[in-house]
file query.cif (mmCIF, N, CA and C atoms)
data_target
loop_
_atom_site.group_PDB
_atom_site.id
_atom_site.type_symbol
_atom_site.label_atom_id
_atom_site.label_comp_id
_atom_site.auth_asym_id
_atom_site.auth_seq_id
_atom_site.Cartn_x
_atom_site.Cartn_y
_atom_site.Cartn_z
ATOM 1 N N MET X 1021 27.736 1.908 -20.867
ATOM 2 C CA MET X 1021 26.992 2.700 -19.912
ATOM 3 C C MET X 1021 25.565 2.154 -19.843
ATOM 4 N N LEU X 1022 25.012 2.111 -18.665
ATOM 5 C CA LEU X 1022 23.677 1.563 -18.444
ATOM 6 C C LEU X 1022 22.743 2.669 -17.971
ATOM 7 N N LEU X 1023 21.613 2.830 -18.649
ATOM 8 C CA LEU X 1023 20.611 3.829 -18.287
ATOM 9 C C LEU X 1023 19.314 3.120 -17.925
ATOM 10 N N LYS X 1024 18.672 3.551 -16.849
ATOM 11 C CA LYS X 1024 17.360 3.022 -16.473
ATOM 12 C C LYS X 1024 16.345 4.136 -16.640
ATOM 13 N N ILE X 1025 15.314 3.876 -17.428
ATOM 14 C CA ILE X 1025 14.279 4.860 -17.722
ATOM 15 C C ILE X 1025 12.924 4.272 -17.349
ATOM 16 N N LYS X 1026 12.124 5.034 -16.617
ATOM 17 C CA LYS X 1026 10.748 4.619 -16.321
ATOM 18 C C LYS X 1026 9.854 5.079 -17.457
ATOM 19 N N ILE X 1027 9.026 4.188 -17.953
ATOM 20 C CA ILE X 1027 8.215 4.472 -19.129
ATOM 21 C C ILE X 1027 6.930 5.222 -18.795
ATOM 22 N N LYS X 1028 6.572 5.310 -17.544
ATOM 23 C CA LYS X 1028 5.354 6.023 -17.160
ATOM 24 C C LYS X 1028 5.656 7.511 -17.087
ATOM 25 N N GLY X 1029 4.858 8.290 -17.819
ATOM 26 C CA GLY X 1029 5.062 9.728 -17.842
ATOM 27 C C GLY X 1029 3.764 10.483 -17.650
ATOM 28 N N GLU X 1030 3.799 11.754 -17.988
ATOM 29 C CA GLU X 1030 2.635 12.625 -17.846
ATOM 30 C C GLU X 1030 1.812 12.587 -19.130
ATOM 31 N N GLU X 1031 0.502 12.442 -19.010
ATOM 32 C CA GLU X 1031 -0.385 12.396 -20.173
ATOM 33 C C GLU X 1031 -0.970 13.782 -20.423
ATOM 34 N N ILE X 1032 -0.814 14.268 -21.675
ATOM 35 C CA ILE X 1032 -1.334 15.589 -22.038
ATOM 36 C C ILE X 1032 -1.991 15.523 -23.409
ATOM 37 N N LEU X 1033 -2.813 16.500 -23.701
ATOM 38 C CA LEU X 1033 -3.443 16.628 -25.014
ATOM 39 C C LEU X 1033 -2.509 17.382 -25.962
ATOM 40 N N PRO X 1034 -2.651 17.188 -27.276
ATOM 41 C CA PRO X 1034 -1.784 17.898 -28.225
ATOM 42 C C PRO X 1034 -1.869 19.418 -28.120
ATOM 43 N N SER X 1035 -2.999 19.954 -27.725
ATOM 44 C CA SER X 1035 -3.123 21.406 -27.607
ATOM 45 C C SER X 1035 -2.294 21.964 -26.453
ATOM 46 N N GLN X 1036 -1.994 21.156 -25.450
ATOM 47 C CA GLN X 1036 -1.204 21.616 -24.314
ATOM 48 C C GLN X 1036 0.281 21.739 -24.633
ATOM 49 N N ILE X 1037 0.724 21.138 -25.736
ATOM 50 C CA ILE X 1037 2.127 21.248 -26.125
ATOM 51 C C ILE X 1037 2.473 22.689 -26.472
ATOM 52 N N LYS X 1038 1.584 23.378 -27.139
ATOM 53 C CA LYS X 1038 1.823 24.777 -27.510
ATOM 54 C C LYS X 1038 1.587 25.722 -26.339
ATOM 55 N N GLY X 1039 0.951 25.246 -25.285
ATOM 56 C CA GLY X 1039 0.621 26.094 -24.138
ATOM 57 C C GLY X 1039 1.580 25.907 -22.980
ATOM 58 N N LYS X 1040 1.146 25.156 -21.973
ATOM 59 C CA LYS X 1040 1.908 25.064 -20.727
ATOM 60 C C LYS X 1040 3.203 24.266 -20.851
ATOM 61 N N MET X 1041 3.327 23.409 -21.859
ATOM 62 C CA MET X 1041 4.522 22.582 -22.012
ATOM 63 C C MET X 1041 5.489 23.137 -23.055
ATOM 64 N N ALA X 1042 5.302 24.358 -23.515
ATOM 65 C CA ALA X 1042 6.034 24.899 -24.662
ATOM 66 C C ALA X 1042 7.543 24.970 -24.450
ATOM 67 N N TYR X 1043 8.010 25.166 -23.246
ATOM 68 C CA TYR X 1043 9.440 25.365 -23.017
ATOM 69 C C TYR X 1043 10.157 24.134 -22.473
ATOM 70 N N GLU X 1044 9.514 23.001 -22.488
ATOM 71 C CA GLU X 1044 10.153 21.767 -22.023
ATOM 72 C C GLU X 1044 11.158 21.273 -23.060
ATOM 73 N N LYS X 1045 12.241 20.659 -22.584
ATOM 74 C CA LYS X 1045 13.273 20.092 -23.450
ATOM 75 C C LYS X 1045 13.594 18.683 -22.968
ATOM 76 N N ASN X 1046 14.288 17.934 -23.809
ATOM 77 C CA ASN X 1046 14.757 16.588 -23.483
ATOM 78 C C ASN X 1046 13.624 15.679 -23.020
ATOM 79 N N VAL X 1047 12.675 15.449 -23.909
ATOM 80 C CA VAL X 1047 11.547 14.583 -23.595
ATOM 81 C C VAL X 1047 11.364 13.543 -24.700
ATOM 82 N N VAL X 1048 10.780 12.423 -24.323
ATOM 83 C CA VAL X 1048 10.342 11.407 -25.278
ATOM 84 C C VAL X 1048 8.832 11.508 -25.340
ATOM 85 N N LEU X 1049 8.290 11.639 -26.554
ATOM 86 C CA LEU X 1049 6.851 11.766 -26.768
ATOM 87 C C LEU X 1049 6.294 10.438 -27.263
ATOM 88 N N ILE X 1050 5.234 9.981 -26.633
ATOM 89 C CA ILE X 1050 4.544 8.766 -27.065
ATOM 90 C C ILE X 1050 3.133 9.174 -27.447
ATOM 91 N N ALA X 1051 2.795 9.079 -28.732
ATOM 92 C CA ALA X 1051 1.439 9.380 -29.203
ATOM 93 C C ALA X 1051 0.602 8.117 -29.030
ATOM 94 N N LYS X 1052 -0.512 8.246 -28.276
ATOM 95 C CA LYS X 1052 -1.319 7.079 -27.922
ATOM 96 C C LYS X 1052 -2.793 7.344 -28.142
ATOM 97 N N THR X 1053 -3.522 6.269 -28.351
ATOM 98 C CA THR X 1053 -4.971 6.250 -28.225
ATOM 99 C C THR X 1053 -5.256 5.364 -27.012
ATOM 100 N N PRO X 1054 -6.485 5.310 -26.542
ATOM 101 C CA PRO X 1054 -6.751 4.404 -25.412
ATOM 102 C C PRO X 1054 -6.462 2.934 -25.727
ATOM 103 N N ALA X 1055 -6.500 2.569 -26.995
ATOM 104 C CA ALA X 1055 -6.310 1.173 -27.361
ATOM 105 C C ALA X 1055 -4.885 0.829 -27.785
ATOM 106 N N ARG X 1056 -4.114 1.803 -28.321
ATOM 107 C CA ARG X 1056 -2.850 1.455 -28.952
ATOM 108 C C ARG X 1056 -1.870 2.610 -28.936
ATOM 109 N N VAL X 1057 -0.584 2.278 -28.935
ATOM 110 C CA VAL X 1057 0.477 3.274 -29.114
ATOM 111 C C VAL X 1057 0.632 3.511 -30.611
ATOM 112 N N LEU X 1058 0.636 4.781 -31.018
ATOM 113 C CA LEU X 1058 0.713 5.116 -32.433
ATOM 114 C C LEU X 1058 2.126 5.426 -32.906
ATOM 115 N N PHE X 1059 2.881 6.231 -32.123
ATOM 116 C CA PHE X 1059 4.146 6.761 -32.617
ATOM 117 C C PHE X 1059 5.010 7.183 -31.437
ATOM 118 N N VAL X 1060 6.322 7.029 -31.567
ATOM 119 C CA VAL X 1060 7.270 7.471 -30.543
ATOM 120 C C VAL X 1060 8.236 8.452 -31.187
ATOM 121 N N ASP X 1061 8.454 9.591 -30.538
ATOM 122 C CA ASP X 1061 9.358 10.619 -31.049
ATOM 123 C C ASP X 1061 10.071 11.269 -29.868
ATOM 124 N N PHE X 1062 11.045 12.116 -30.150
ATOM 125 C CA PHE X 1062 11.767 12.807 -29.085
ATOM 126 C C PHE X 1062 11.981 14.262 -29.462
ATOM 127 N N VAL X 1063 12.163 15.094 -28.451
ATOM 128 C CA VAL X 1063 12.514 16.503 -28.623
ATOM 129 C C VAL X 1063 13.747 16.739 -27.774
ATOM 130 N N GLY X 1064 14.830 17.181 -28.419
ATOM 131 C CA GLY X 1064 16.092 17.378 -27.715
ATOM 132 C C GLY X 1064 16.264 18.793 -27.217
ATOM 133 N N GLN X 1065 17.198 19.520 -27.800
ATOM 134 C CA GLN X 1065 17.560 20.850 -27.320
ATOM 135 C C GLN X 1065 16.582 21.939 -27.730
ATOM 136 N N CYS X 1066 15.773 21.711 -28.751
ATOM 137 C CA CYS X 1066 14.773 22.723 -29.114
ATOM 138 C C CYS X 1066 13.569 22.595 -28.175
ATOM 139 N N CYS X 1067 12.760 23.611 -28.142
ATOM 140 C CA CYS X 1067 11.611 23.620 -27.229
ATOM 141 C C CYS X 1067 10.486 22.745 -27.769
ATOM 142 N N LEU X 1068 9.709 22.201 -26.866
ATOM 143 C CA LEU X 1068 8.580 21.345 -27.221
ATOM 144 C C LEU X 1068 7.489 22.118 -27.953
ATOM 145 N N GLY X 1069 7.415 23.421 -27.750
ATOM 146 C CA GLY X 1069 6.413 24.247 -28.417
ATOM 147 C C GLY X 1069 6.580 24.300 -29.923
ATOM 148 N N SER X 1070 7.792 24.046 -30.422
ATOM 149 C CA SER X 1070 8.019 24.057 -31.867
ATOM 150 C C SER X 1070 7.779 22.693 -32.509
ATOM 151 N N TYR X 1071 7.428 21.691 -31.714
ATOM 152 C CA TYR X 1071 7.183 20.345 -32.234
ATOM 153 C C TYR X 1071 5.827 20.287 -32.929
ATOM 154 N N SER X 1072 5.805 19.639 -34.077
ATOM 155 C CA SER X 1072 4.533 19.372 -34.752
ATOM 156 C C SER X 1072 4.466 17.872 -35.041
ATOM 157 N N PRO X 1073 3.310 17.257 -34.857
ATOM 158 C CA PRO X 1073 3.201 15.813 -35.081
ATOM 159 C C PRO X 1073 3.340 15.482 -36.566
ATOM 160 N N PRO X 1074 3.702 14.255 -36.884
ATOM 161 C CA PRO X 1074 3.805 13.850 -38.283
ATOM 162 C C PRO X 1074 2.456 13.977 -38.994
ATOM 163 N N PRO X 1075 2.462 14.215 -40.305
ATOM 164 C CA PRO X 1075 1.205 14.429 -41.034
ATOM 165 C C PRO X 1075 0.239 13.246 -40.996
ATOM 166 N N PHE X 1076 0.743 12.027 -40.894
ATOM 167 C CA PHE X 1076 -0.158 10.871 -40.885
ATOM 168 C C PHE X 1076 -0.939 10.747 -39.577
ATOM 169 N N LEU X 1077 -0.572 11.508 -38.553
ATOM 170 C CA LEU X 1077 -1.334 11.504 -37.300
ATOM 171 C C LEU X 1077 -2.391 12.598 -37.256
ATOM 172 N N SER X 1078 -2.425 13.457 -38.259
ATOM 173 C CA SER X 1078 -3.331 14.609 -38.212
ATOM 174 C C SER X 1078 -4.806 14.208 -38.253
ATOM 175 N N SER X 1079 -5.128 13.071 -38.818
ATOM 176 C CA SER X 1079 -6.530 12.657 -38.911
ATOM 177 C C SER X 1079 -6.971 11.786 -37.729
ATOM 178 N N LYS X 1080 -6.079 11.533 -36.782
ATOM 179 C CA LYS X 1080 -6.394 10.645 -35.666
ATOM 180 C C LYS X 1080 -6.584 11.434 -34.371
ATOM 181 N N MET X 1081 -7.425 10.916 -33.502
ATOM 182 C CA MET X 1081 -7.593 11.465 -32.155
ATOM 183 C C MET X 1081 -6.599 10.746 -31.243
ATOM 184 N N PHE X 1082 -5.715 11.490 -30.616
ATOM 185 C CA PHE X 1082 -4.703 10.886 -29.763
ATOM 186 C C PHE X 1082 -4.304 11.854 -28.665
ATOM 187 N N TYR X 1083 -3.541 11.353 -27.718
ATOM 188 C CA TYR X 1083 -2.945 12.181 -26.674
ATOM 189 C C TYR X 1083 -1.483 11.774 -26.549
ATOM 190 N N TYR X 1084 -0.710 12.591 -25.859
ATOM 191 C CA TYR X 1084 0.711 12.318 -25.669
ATOM 192 C C TYR X 1084 0.985 11.856 -24.248
ATOM 193 N N GLU X 1085 1.927 10.960 -24.139
ATOM 194 C CA GLU X 1085 2.529 10.653 -22.851
ATOM 195 C C GLU X 1085 3.964 11.152 -22.941
ATOM 196 N N ILE X 1086 4.355 12.000 -22.006
ATOM 197 C CA ILE X 1086 5.671 12.631 -22.048
ATOM 198 C C ILE X 1086 6.551 12.023 -20.967
ATOM 199 N N ILE X 1087 7.724 11.554 -21.381
ATOM 200 C CA ILE X 1087 8.712 11.017 -20.455
ATOM 201 C C ILE X 1087 9.856 12.019 -20.387
ATOM 202 N N TYR X 1088 10.120 12.542 -19.215
ATOM 203 C CA TYR X 1088 11.203 13.508 -19.029
ATOM 204 C C TYR X 1088 12.529 12.766 -18.872
ATOM 205 N N ILE X 1089 13.533 13.222 -19.614
ATOM 206 C CA ILE X 1089 14.865 12.630 -19.573
ATOM 207 C C ILE X 1089 15.799 13.627 -18.891
ATOM 208 N N PRO X 1090 16.633 13.188 -17.934
ATOM 209 C CA PRO X 1090 17.554 14.116 -17.277
ATOM 210 C C PRO X 1090 18.531 14.761 -18.271
ATOM 211 N N GLU X 1091 18.989 15.946 -17.934
ATOM 212 C CA GLU X 1091 19.861 16.735 -18.812
ATOM 213 C C GLU X 1091 21.155 16.000 -19.170
ATOM 214 N N GLU X 1092 21.708 15.231 -18.248
ATOM 215 C CA GLU X 1092 22.976 14.547 -18.526
ATOM 216 C C GLU X 1092 22.820 13.405 -19.532
ATOM 217 N N TYR X 1093 21.598 12.946 -19.784
ATOM 218 C CA TYR X 1093 21.355 11.895 -20.773
ATOM 219 C C TYR X 1093 20.881 12.457 -22.110
ATOM 220 N N SER X 1094 20.941 13.757 -22.308
ATOM 221 C CA SER X 1094 20.355 14.366 -23.505
ATOM 222 C C SER X 1094 21.035 13.923 -24.795
ATOM 223 N N LYS X 1095 22.319 13.607 -24.754
ATOM 224 C CA LYS X 1095 22.980 13.178 -25.991
ATOM 225 C C LYS X 1095 22.590 11.752 -26.381
ATOM 226 N N TYR X 1096 21.986 11.004 -25.462
ATOM 227 C CA TYR X 1096 21.527 9.644 -25.745
ATOM 228 C C TYR X 1096 20.032 9.583 -26.036
ATOM 229 N N LEU X 1097 19.408 10.712 -26.256
ATOM 230 C CA LEU X 1097 17.953 10.783 -26.426
ATOM 231 C C LEU X 1097 17.429 9.933 -27.592
ATOM 232 N N PRO X 1098 18.058 9.935 -28.785
ATOM 233 C CA PRO X 1098 17.549 9.056 -29.862
ATOM 234 C C PRO X 1098 17.618 7.572 -29.504
ATOM 235 N N CYS X 1099 18.643 7.183 -28.773
ATOM 236 C CA CYS X 1099 18.782 5.781 -28.382
ATOM 237 C C CYS X 1099 17.733 5.396 -27.335
ATOM 238 N N ILE X 1100 17.463 6.300 -26.403
ATOM 239 C CA ILE X 1100 16.432 6.052 -25.395
ATOM 240 C C ILE X 1100 15.067 5.927 -26.064
ATOM 241 N N ALA X 1101 14.783 6.826 -27.009
ATOM 242 C CA ALA X 1101 13.503 6.777 -27.724
ATOM 243 C C ALA X 1101 13.376 5.495 -28.543
ATOM 244 N N LEU X 1102 14.479 5.022 -29.115
ATOM 245 C CA LEU X 1102 14.451 3.773 -29.879
ATOM 246 C C LEU X 1102 14.109 2.590 -28.979
ATOM 247 N N GLU X 1103 14.680 2.537 -27.793
ATOM 248 C CA GLU X 1103 14.371 1.443 -26.868
ATOM 249 C C GLU X 1103 12.931 1.511 -26.375
ATOM 250 N N VAL X 1104 12.420 2.723 -26.166
ATOM 251 C CA VAL X 1104 11.008 2.869 -25.791
ATOM 252 C C VAL X 1104 10.124 2.366 -26.924
ATOM 253 N N GLU X 1105 10.493 2.699 -28.165
ATOM 254 C CA GLU X 1105 9.725 2.241 -29.323
ATOM 255 C C GLU X 1105 9.741 0.720 -29.427
ATOM 256 N N LYS X 1106 10.889 0.114 -29.204
ATOM 257 C CA LYS X 1106 10.979 -1.349 -29.265
ATOM 258 C C LYS X 1106 10.106 -2.015 -28.204
ATOM 259 N N SER X 1107 10.038 -1.420 -27.026
ATOM 260 C CA SER X 1107 9.259 -2.047 -25.958
ATOM 261 C C SER X 1107 7.756 -1.840 -26.127
ATOM 262 N N LEU X 1108 7.339 -0.752 -26.790
ATOM 263 C CA LEU X 1108 5.908 -0.463 -26.935
ATOM 264 C C LEU X 1108 5.295 -0.983 -28.232
ATOM 265 N N ASN X 1109 6.116 -1.221 -29.264
ATOM 266 C CA ASN X 1109 5.652 -1.718 -30.556
ATOM 267 C C ASN X 1109 4.531 -0.845 -31.138
ATOM 268 N N PRO X 1110 4.844 0.384 -31.546
ATOM 269 C CA PRO X 1110 3.808 1.300 -32.053
ATOM 270 C C PRO X 1110 3.311 0.919 -33.445
ATOM 271 N N LEU X 1111 2.197 1.513 -33.824
ATOM 272 C CA LEU X 1111 1.605 1.269 -35.136
ATOM 273 C C LEU X 1111 2.492 1.815 -36.255
ATOM 274 N N TYR X 1112 3.067 3.001 -36.052
ATOM 275 C CA TYR X 1112 3.966 3.634 -37.026
ATOM 276 C C TYR X 1112 5.369 3.703 -36.442
ATOM 277 N N ARG X 1113 6.372 3.308 -37.216
ATOM 278 C CA ARG X 1113 7.769 3.358 -36.786
ATOM 279 C C ARG X 1113 8.381 4.714 -37.133
ATOM 280 N N ASN X 1114 9.296 5.176 -36.293
ATOM 281 C CA ASN X 1114 10.003 6.431 -36.522
ATOM 282 C C ASN X 1114 11.369 6.115 -37.115
ATOM 283 N N LYS X 1115 11.660 6.662 -38.290
ATOM 284 C CA LYS X 1115 12.920 6.388 -38.974
ATOM 285 C C LYS X 1115 14.060 7.271 -38.475
ATOM 286 N N ARG X 1116 13.747 8.280 -37.645
ATOM 287 C CA ARG X 1116 14.789 9.171 -37.122
ATOM 288 C C ARG X 1116 15.507 8.595 -35.905
ATOM 289 N N LEU X 1117 15.023 7.525 -35.352
ATOM 290 C CA LEU X 1117 15.604 6.966 -34.135
ATOM 291 C C LEU X 1117 16.780 6.065 -34.486
ATOM 292 N N TYR X 1118 17.863 6.207 -33.730
ATOM 293 C CA TYR X 1118 19.060 5.415 -33.973
ATOM 294 C C TYR X 1118 19.789 5.195 -32.650
ATOM 295 N N CYS X 1119 20.699 4.232 -32.655
ATOM 296 C CA CYS X 1119 21.502 3.957 -31.466
ATOM 297 C C CYS X 1119 22.883 3.498 -31.915
ATOM 298 N N ASP X 1120 23.917 4.059 -31.305
ATOM 299 C CA ASP X 1120 25.294 3.718 -31.660
ATOM 300 C C ASP X 1120 25.745 2.397 -31.055
ATOM 301 N N GLY X 1121 25.103 1.977 -30.003
ATOM 302 C CA GLY X 1121 25.487 0.744 -29.343
ATOM 303 C C GLY X 1121 26.433 0.955 -28.176
ATOM 304 N N GLU X 1122 26.752 2.207 -27.851
ATOM 305 C CA GLU X 1122 27.677 2.480 -26.753
ATOM 306 C C GLU X 1122 26.992 2.473 -25.390
ATOM 307 N N ILE X 1123 25.654 2.475 -25.381
ATOM 308 C CA ILE X 1123 24.929 2.441 -24.113
ATOM 309 C C ILE X 1123 23.880 1.342 -24.153
ATOM 310 N N THR X 1124 23.457 0.934 -22.970
ATOM 311 C CA THR X 1124 22.371 -0.021 -22.821
ATOM 312 C C THR X 1124 21.256 0.668 -22.052
ATOM 313 N N VAL X 1125 20.060 0.636 -22.606
ATOM 314 C CA VAL X 1125 18.915 1.282 -21.978
ATOM 315 C C VAL X 1125 17.988 0.200 -21.437
ATOM 316 N N VAL X 1126 17.661 0.301 -20.150
ATOM 317 C CA VAL X 1126 16.734 -0.626 -19.509
ATOM 318 C C VAL X 1126 15.437 0.131 -19.264
ATOM 319 N N ILE X 1127 14.338 -0.397 -19.774
ATOM 320 C CA ILE X 1127 13.031 0.234 -19.641
ATOM 321 C C ILE X 1127 12.300 -0.402 -18.461
ATOM 322 N N GLU X 1128 11.917 0.426 -17.492
ATOM 323 C CA GLU X 1128 11.134 -0.041 -16.349
ATOM 324 C C GLU X 1128 9.682 0.326 -16.574
ATOM 325 N N LYS X 1129 8.792 -0.643 -16.458
ATOM 326 C CA LYS X 1129 7.372 -0.362 -16.678
ATOM 327 C C LYS X 1129 6.669 -0.101 -15.387
#

call {"tool": "encode", "arguments": {"input": "query.cif", "output": "structure tokens"}}
result
Amino acid sequence: MLLKIKIKGEEILPSQIKGKMAYEKNVVLIAKTPARVLFVDFVGQCCLGSYSPPPFLSSKMFYYEIIYIPEEYSKYLPCIALEVEKSLNPLYRNKRLYCDGEITVVIEK
């Protein structure tokens, strides 16, 4: 199966995750600074409001770029996030990301 994902998403501050974005699901989160991508993570069936960033990001100033994934691709969310991570080369790697190899993800910039 072939999936095409656009890597450009909505940029928000971490405080907005608990506010206006609290009920969003099926998203890929990219933690960024103006100079570098720090971390890539995903939120599946649980709400985005319950997401907390990893402890090593707590001392850094960053913002999120959120990529919305359609509902029918929700079971492939870890694989999509892994391909986004490979294309962006973040400072910190996420060990929760995996891919079975049953799909191919094409990242459009």

call {"tool": "resolve_selection", "arguments": {"input": "query.cif", "expression": "the PyMOL selection byres (((chain X and resi 1064-1069 and name CA) around 12) and name CA)", "output": "JSON, numbers by chain"}}
result
{"X": [1034, 1035, 1036, 1037, 1038, 1039, 1040, 1041, 1042, 1043, 1044, 1045, 1046, 1047, 1048, 1049, 1061, 1062, 1063, 1070, 1071, 1072, 1073, 1086, 1088, 1089, 1090, 1091, 1092, 1093, 1094, 1095, 1096, 1097, 1098, 1099, 1100, 1101]}

call {"tool": "write_last_selection", "arguments": {"input": "query.cif", "atoms": "N, CA and C atoms", "output": "tab-separated table (two decimals), keeping the file's coordinate frame"}}
result
chain	number	residue	atom	x	y	z
X	1034	PRO	N	-2.65	17.19	-27.28
X	1034	PRO	CA	-1.78	17.90	-28.22
X	1034	PRO	C	-1.87	19.42	-28.12
X	1035	SER	N	-3.00	19.95	-27.72
X	1035	SER	CA	-3.12	21.41	-27.61
X	1035	SER	C	-2.29	21.96	-26.45
X	1036	GLN	N	-1.99	21.16	-25.45
X	1036	GLN	CA	-1.20	21.62	-24.31
X	1036	GLN	C	0.28	21.74	-24.63
X	1037	ILE	N	0.72	21.14	-25.74
X	1037	ILE	CA	2.13	21.25	-26.12
X	1037	ILE	C	2.47	22.69	-26.47
X	1038	LYS	N	1.58	23.38	-27.14
X	1038	LYS	CA	1.82	24.78	-27.51
X	1038	LYS	C	1.59	25.72	-26.34
X	1039	GLY	N	0.95	25.25	-25.28
X	1039	GLY	CA	0.62	26.09	-24.14
X	1039	GLY	C	1.58	25.91	-22.98
X	1040	LYS	N	1.15	25.16	-21.97
X	1040	LYS	CA	1.91	25.06	-20.73
X	1040	LYS	C	3.20	24.27	-20.85
X	1041	MET	N	3.33	23.41	-21.86
X	1041	MET	CA	4.52	22.58	-22.01
X	1041	MET	C	5.49	23.14	-23.06
X	1042	ALA	N	5.30	24.36	-23.52
X	1042	ALA	CA	6.03	24.90	-24.66
X	1042	ALA	C	7.54	24.97	-24.45
X	1043	TYR	N	8.01	25.17	-23.25
X	1043	TYR	CA	9.44	25.36	-23.02
X	1043	TYR	C	10.16	24.13	-22.47
X	1044	GLU	N	9.51	23.00	-22.49
X	1044	GLU	CA	10.15	21.77	-22.02
X	1044	GLU	C	11.16	21.27	-23.06
X	1045	LYS	N	12.24	20.66	-22.58
X	1045	LYS	CA	13.27	20.09	-23.45
X	1045	LYS	C	13.59	18.68	-22.97
X	1046	ASN	N	14.29	17.93	-23.81
X	1046	ASN	CA	14.76	16.59	-23.48
X	1046	ASN	C	13.62	15.68	-23.02
X	1047	VAL	N	12.68	15.45	-23.91
X	1047	VAL	CA	11.55	14.58	-23.60
X	1047	VAL	C	11.36	13.54	-24.70
X	1048	VAL	N	10.78	12.42	-24.32
X	1048	VAL	CA	10.34	11.41	-25.28
X	1048	VAL	C	8.83	11.51	-25.34
X	1049	LEU	N	8.29	11.64	-26.55
X	1049	LEU	CA	6.85	11.77	-26.77
X	1049	LEU	C	6.29	10.44	-27.26
X	1061	ASP	N	8.45	9.59	-30.54
X	1061	ASP	CA	9.36	10.62	-31.05
X	1061	ASP	C	10.07	11.27	-29.87
X	1062	PHE	N	11.04	12.12	-30.15
X	1062	PHE	CA	11.77	12.81	-29.08
X	1062	PHE	C	11.98	14.26	-29.46
X	1063	VAL	N	12.16	15.09	-28.45
X	1063	VAL	CA	12.51	16.50	-28.62
X	1063	VAL	C	13.75	16.74	-27.77
X	1070	SER	N	7.79	24.05	-30.42
X	1070	SER	CA	8.02	24.06	-31.87
X	1070	SER	C	7.78	22.69	-32.51
X	1071	TYR	N	7.43	21.69	-31.71
X	1071	TYR	CA	7.18	20.34	-32.23
X	1071	TYR	C	5.83	20.29	-32.93
X	1072	SER	N	5.80	19.64	-34.08
X	1072	SER	CA	4.53	19.37	-34.75
X	1072	SER	C	4.47	17.87	-35.04
X	1073	PRO	N	3.31	17.26	-34.86
X	1073	PRO	CA	3.20	15.81	-35.08
X	1073	PRO	C	3.34	15.48	-36.57
X	1086	ILE	N	4.36	12.00	-22.01
X	1086	ILE	CA	5.67	12.63	-22.05
X	1086	ILE	C	6.55	12.02	-20.97
X	1088	TYR	N	10.12	12.54	-19.22
X	1088	TYR	CA	11.20	13.51	-19.03
X	1088	TYR	C	12.53	12.77	-18.87
X	1089	ILE	N	13.53	13.22	-19.61
X	1089	ILE	CA	14.86	12.63	-19.57
X	1089	ILE	C	15.80	13.63	-18.89
X	1090	PRO	N	16.63	13.19	-17.93
X	1090	PRO	CA	17.55	14.12	-17.28
X	1090	PRO	C	18.53	14.76	-18.27
X	1091	GLU	N	18.99	15.95	-17.93
X	1091	GLU	CA	19.86	16.74	-18.81
X	1091	GLU	C	21.16	16.00	-19.17
X	1092	GLU	N	21.71	15.23	-18.25
X	1092	GLU	CA	22.98	14.55	-18.53
X	1092	GLU	C	22.82	13.40	-19.53
X	1093	TYR	N	21.60	12.95	-19.78
X	1093	TYR	CA	21.36	11.90	-20.77
X	1093	TYR	C	20.88	12.46	-22.11
X	1094	SER	N	20.94	13.76	-22.31
X	1094	SER	CA	20.36	14.37	-23.50
X	1094	SER	C	21.04	13.92	-24.80
X	1095	LYS	N	22.32	13.61	-24.75
X	1095	LYS	CA	22.98	13.18	-25.99
X	1095	LYS	C	22.59	11.75	-26.38
X	1096	TYR	N	21.99	11.00	-25.46
X	1096	TYR	CA	21.53	9.64	-25.74
X	1096	TYR	C	20.03	9.58	-26.04
X	1097	LEU	N	19.41	10.71	-26.26
X	1097	LEU	CA	17.95	10.78	-26.43
X	1097	LEU	C	17.43	9.93	-27.59
X	1098	PRO	N	18.06	9.94	-28.78
X	1098	PRO	CA	17.55	9.06	-29.86
X	1098	PRO	C	17.62	7.57	-29.50
X	1099	CYS	N	18.64	7.18	-28.77
X	1099	CYS	CA	18.78	5.78	-28.38
X	1099	CYS	C	17.73	5.40	-27.34
X	1100	ILE	N	17.46	6.30	-26.40
X	1100	ILE	CA	16.43	6.05	-25.40
X	1100	ILE	C	15.07	5.93	-26.06
X	1101	ALA	N	14.78	6.83	-27.01
X	1101	ALA	CA	13.50	6.78	-27.72
X	1101	ALA	C	13.38	5.50	-28.54

call {"tool": "select_by_dssp", "arguments": {"input": "query.cif", "residues": "chain X", "states": "alpha helix (DSSP H)", "output": "list in words"}}
result
Pro1034, Ser1035, Gln1036, Ile1037, Leu1097, Pro1098, Cys1099, Ile1100, Ala1101, Leu1102, Glu1103, Val1104, Glu1105, Lys1106, Ser1107 and Leu1108 of chain X

call {"tool": "resolve_selection", "arguments": {"input": "query.cif", "expression": "the PyMOL selection byres ((chain X and resi 1119-1128) around 5)", "output": "PyMOL selection string"}}
result
chain X and resi 1021-1027+1099+1117-1118+1129

call {"tool": "atom_distance", "arguments": {"input": "query.cif", "atom1": "CA of Lys1028 (chain X)", "atom2": "CA of Leu1111 (chain X)"}}
result
19.0 Å

call {"tool": "atom_distance", "arguments": {"input": "query.cif", "atom1": "CA of Pro1054 (chain X)", "atom2": "atom N of Pro1075 (chain X)"}}
result
20.1 Å

call {"tool": "closest_residue", "arguments": {"input": "query.cif", "among": "X:Glu1105, X:Lys1115, X:Glu1030, X:Glu1085", "to": "Ile1050 (chain X)", "atoms": "only C-alpha atoms"}}
result
X:Glu1085

call {"tool": "resolve_selection", "arguments": {"input": "query.cif", "expression": "the PyMOL selection byres (((chain X and resi 1032 and name CA) around 6) and name CA)", "output": "list in words"}}
result
Glu1031, Leu1033, Tyr1083 and Tyr1084 of chain X

call {"tool": "atom_distance", "arguments": {"input": "query.cif", "atom1": "atom N of Pro1110 (chain X)", "atom2": "CA of Leu1077 (chain X)"}}
result
14.0 Å

call {"tool": "decode", "arguments": {"input": "query.cif", "residues": "region 1121-1129 of chain X", "atoms": "C-alpha atoms", "output": "CSV table (one decimal), in the first residue's frame"}}
result
chain,number,residue,atom,x,y,z
X,1121,GLY,CA,7.0,-3.0,6.1
X,1122,GLU,CA,3.5,-3.6,4.7
X,1123,ILE,CA,3.1,0.0,3.5
X,1124,THR,CA,5.3,2.5,1.7
X,1125,VAL,CA,5.1,6.1,2.8
X,1126,VAL,CA,6.0,8.9,0.4
X,1127,ILE,CA,6.8,12.3,2.1
X,1128,GLU,CA,5.9,15.4,0.0
X,1129,LYS,CA,7.7,18.6,1.1
